[in-house]
Amino acid sequence: MNQLKASAKVFLLLTFIFGSLWLGSYLTKLLLVYQLFQGNEFELKDYINDINLGAILKTISAAFSATLILYPLFILSFGSFLMFSKLNLKKNGWLFIITMLIVITAPMEIFLLTINYKISILSLTSPIPSNEMLSLIIKRMNILGSFPLVELLCYLAIVYLIIFKPLHKDTV
């Protein structure tokens with residue numbers, strides 16, 4: 001990693017920044033959305049009514065918009081890092097695993113981003129169509145079920161891989 005060109009180091013830094021911000025906004029979004037509902041059913045909690053639902057959804061939409069912007073930036077900066085670093089994935093197994101985790105989760109995350117886009121667009125309208133936004137949020141939660149949790153665990157595993165760099169072959 002010390003032999004990286006300056007351009008590769010810049011893209012590595014951008015990947016860390018965008019990845020960290022995306023992961024934080026993703027976790028925030030999940031925590032906020034799950035606070036809306038009681039149990040496993042998608043029934044709103046008692047304190048949420050038609051009067052305050054619009055304001056609550058408007059607040060949560062910021063997290064949806066953040067993930068909508070940060071994830072593509074993360075993917076672009078990671079891809080650019082791979083191109084500019086010219087690291088051999090056969091000799092750096094840890095980087096290969098990271099790349100595979102990102103590539104495998106990307107299609108599902110991109111699909112979820114299309115729903116995030118619809119939610120973000122609806123949040124810009126006035127008055128906010130609360131029922132439509134709520135149905136999109138429920139649809140998003142129903143479609144891939146536990147995928148967000150699995151994805152979070154995968155990205156936490158990436159942190160482990162970056163720190164310990166398993167499957168690294170030293171060149172002699």
# chains A, B, ... in the order shown; residues from 1 in each chain; ligands from 1
$ residues_around --residues "Leu136 (chain A)" --least-positions-apart "3" --cutoff "7 Å" --atoms "only C-alpha atoms" --output "list in words"
Ile115, Ile119, Glu132, Met133, Lys139 and Arg140 of chain A
$ residues_around --residues "Thr105 (chain A)" --least-positions-apart "5" --cutoff "12 Å" --atoms "only C-alpha atoms" --output "tab-separated table (two decimals) with N, CA and C atoms, in the first residue's frame"
chain	number	residue	atom	x	y	z
A	71	TYR	N	-23.81	6.55	-1.85
A	71	TYR	CA	-23.48	5.21	-2.34
A	71	TYR	C	-22.87	5.24	-3.74
A	75	ILE	N	-19.10	3.89	-4.72
A	75	ILE	CA	-18.82	2.90	-5.77
A	75	ILE	C	-17.86	3.48	-6.80
A	98	ILE	N	-13.04	-7.96	-0.52
A	98	ILE	CA	-13.73	-6.67	-0.41
A	98	ILE	C	-14.44	-6.33	-1.71
A	99	THR	N	-13.73	-6.52	-2.82
A	99	THR	CA	-14.32	-6.22	-4.12
A	99	THR	C	-15.53	-7.10	-4.39
A	100	MET	N	-15.43	-8.38	-4.05
A	100	MET	CA	-16.56	-9.29	-4.26
A	100	MET	C	-17.75	-8.92	-3.38
A	110	ILE	N	-28.52	-0.96	-5.41
A	110	ILE	CA	-28.94	-0.05	-6.47
A	110	ILE	C	-30.45	-0.14	-6.67
A	111	PHE	N	-31.00	-1.35	-6.57
A	111	PHE	CA	-32.46	-1.50	-6.65
A	111	PHE	C	-33.14	-0.73	-5.52
A	112	LEU	N	-32.59	-0.85	-4.30
A	112	LEU	CA	-33.17	-0.13	-3.17
A	112	LEU	C	-33.00	1.38	-3.33
A	144	LEU	N	-36.63	-6.84	0.25
A	144	LEU	CA	-35.42	-7.61	0.52
A	144	LEU	C	-35.27	-8.02	1.97
A	147	PHE	N	-31.93	-8.10	4.04
A	147	PHE	CA	-30.75	-7.70	3.28
A	147	PHE	C	-30.00	-6.53	3.90
A	148	PRO	N	-30.67	-5.47	4.37
A	148	PRO	CA	-29.91	-4.37	4.97
A	148	PRO	C	-29.02	-4.80	6.14
A	149	LEU	N	-29.51	-5.72	6.96
A	149	LEU	CA	-28.69	-6.20	8.08
A	149	LEU	C	-27.50	-7.00	7.58
A	150	VAL	N	-27.73	-7.87	6.60
A	150	VAL	CA	-26.64	-8.66	6.02
A	150	VAL	C	-25.62	-7.74	5.36
A	151	GLU	N	-26.11	-6.71	4.68
A	151	GLU	CA	-25.21	-5.77	4.03
A	151	GLU	C	-24.36	-5.01	5.05
A	152	LEU	N	-24.97	-4.60	6.13
A	152	LEU	CA	-24.21	-3.92	7.19
A	152	LEU	C	-23.12	-4.84	7.75
A	153	LEU	N	-23.45	-6.09	7.97
A	153	LEU	CA	-22.45	-7.04	8.48
A	153	LEU	C	-21.33	-7.25	7.46
A	154	CYS	N	-21.67	-7.29	6.18
A	154	CYS	CA	-20.64	-7.42	5.14
A	154	CYS	C	-19.69	-6.23	5.16
A	155	TYR	N	-20.25	-5.03	5.29
A	155	TYR	CA	-19.40	-3.85	5.28
A	155	TYR	C	-18.61	-3.71	6.57
$ select_by_dssp --residues "region 18-48 of chain A" --states "alpha helix (DSSP H)" --output "ChimeraX atom specification"
/A:18-34
$ residues_around --residues "Lys5 (chain A)" --least-positions-apart "3" --cutoff "8 Å" --atoms "only C-alpha atoms" --output "list of chain:residue names"
A:Ala8, A:Lys9, A:Phe84, A:Ser85
$ select_by_dssp --residues "chain A" --states "strand (DSSP E or B)" --output "VMD selection string"
chain A and resid 37 to 38 43 to 44 92 168
$ residues_around --residues "Phe37 (chain A)" --least-positions-apart "2" --cutoff "12 Å" --atoms "only C-alpha atoms" --output "mmCIF file with N, CA and C atoms, in the first residue's frame"
data_model
loop_
_atom_site.group_PDB
_atom_site.id
_atom_site.type_symbol
_atom_site.label_atom_id
_atom_site.label_comp_id
_atom_site.auth_asym_id
_atom_site.auth_seq_id
_atom_site.Cartn_x
_atom_site.Cartn_y
_atom_site.Cartn_z
ATOM 1 N N LEU A 30 -31.915 3.168 8.746
ATOM 2 C CA LEU A 30 -32.528 1.937 9.260
ATOM 3 C C LEU A 30 -33.077 2.130 10.670
ATOM 4 N N LEU A 31 -32.289 2.757 11.523
ATOM 5 C CA LEU A 31 -32.737 2.967 12.900
ATOM 6 C C LEU A 31 -33.965 3.867 12.959
ATOM 7 N N LEU A 32 -33.993 4.921 12.146
ATOM 8 C CA LEU A 32 -35.137 5.831 12.150
ATOM 9 C C LEU A 32 -36.396 5.168 11.605
ATOM 10 N N VAL A 33 -36.240 4.411 10.535
ATOM 11 C CA VAL A 33 -37.408 3.766 9.922
ATOM 12 C C VAL A 33 -37.987 2.706 10.853
ATOM 13 N N TYR A 34 -37.137 1.923 11.486
ATOM 14 C CA TYR A 34 -37.642 0.884 12.376
ATOM 15 C C TYR A 34 -38.305 1.466 13.621
ATOM 16 N N GLN A 35 -38.011 2.723 13.955
ATOM 17 C CA GLN A 35 -38.659 3.364 15.095
ATOM 18 C C GLN A 35 -40.100 3.766 14.792
ATOM 19 N N GLY A 39 -43.361 -3.774 16.491
ATOM 20 C CA GLY A 39 -43.125 -5.191 16.232
ATOM 21 C C GLY A 39 -42.785 -5.507 14.794
ATOM 22 N N ASN A 40 -43.179 -6.706 14.361
ATOM 23 C CA ASN A 40 -42.881 -7.156 13.005
ATOM 24 C C ASN A 40 -43.915 -6.691 11.993
ATOM 25 N N GLU A 41 -45.084 -6.313 12.467
ATOM 26 C CA GLU A 41 -46.087 -5.794 11.557
ATOM 27 C C GLU A 41 -45.740 -4.348 11.233
ATOM 28 N N PHE A 42 -46.308 -3.883 10.162
ATOM 29 C CA PHE A 42 -46.026 -2.507 9.771
ATOM 30 C C PHE A 42 -47.142 -1.584 10.232
ATOM 31 N N GLU A 43 -47.408 -1.630 11.541
ATOM 32 C CA GLU A 43 -48.376 -0.735 12.161
ATOM 33 C C GLU A 43 -47.597 0.402 12.811
ATOM 34 N N LEU A 44 -48.038 1.608 12.557
ATOM 35 C CA LEU A 44 -47.363 2.765 13.129
ATOM 36 C C LEU A 44 -47.515 2.775 14.644
ATOM 37 N N LYS A 45 -46.520 3.320 15.317
ATOM 38 C CA LYS A 45 -46.587 3.427 16.776
ATOM 39 C C LYS A 45 -47.707 4.387 17.161
ATOM 40 N N ASP A 46 -48.100 4.320 18.407
ATOM 41 C CA ASP A 46 -49.259 5.071 18.892
ATOM 42 C C ASP A 46 -49.083 6.588 18.782
ATOM 43 N N TYR A 47 -47.894 7.091 18.979
ATOM 44 C CA TYR A 47 -47.683 8.532 18.978
ATOM 45 C C TYR A 47 -47.676 9.135 17.569
ATOM 46 N N ILE A 48 -47.684 8.297 16.538
ATOM 47 C CA ILE A 48 -47.676 8.799 15.162
ATOM 48 C C ILE A 48 -49.108 8.867 14.652
ATOM 49 N N LEU A 134 -45.052 6.418 2.982
ATOM 50 C CA LEU A 134 -45.090 5.320 3.936
ATOM 51 C C LEU A 134 -45.209 3.978 3.212
ATOM 52 N N ILE A 137 -41.812 3.099 1.859
ATOM 53 C CA ILE A 137 -40.913 2.645 2.928
ATOM 54 C C ILE A 137 -41.238 1.204 3.304
ATOM 55 N N ILE A 138 -42.524 0.890 3.415
ATOM 56 C CA ILE A 138 -42.926 -0.484 3.739
ATOM 57 C C ILE A 138 -42.549 -1.422 2.601
ATOM 58 N N MET A 141 -38.932 -2.187 2.815
ATOM 59 C CA MET A 141 -38.627 -3.116 3.902
ATOM 60 C C MET A 141 -39.083 -4.537 3.568
#
$ closest_residue --among "A:Ser65, A:Ser20, A:Asn49, A:Ser146" --to "Asn131 (chain A)" --atoms "only C-alpha atoms"
A:Asn49
$ closest_residue --among "A:Ala62, A:Ile56, A:Met83, A:Leu113" --to "Leu12 (chain A)" --atoms "only C-alpha atoms"
A:Met83
$ closest_residue --among "A:Ser77, A:His168, A:Thr28, A:Pro127" --to "Lys91 (chain A)" --atoms "only C-alpha atoms"
A:His168
$ atom_distance --atom1 "CA of Leu161 (chain A)" --atom2 "CA of Ala63 (chain A)"
27.1 Å
$ closest_residue --among "A:Leu36, A:Leu167, A:Ile143, A:Leu13" --to "Leu57 (chain A)" --atoms "only C-alpha atoms"
A:Leu36
$ closest_residue --among "A:Gln3, A:Tyr117, A:Val10, A:Ser80" --to "Ser61 (chain A)" --atoms "only C-alpha atoms"
A:Tyr117
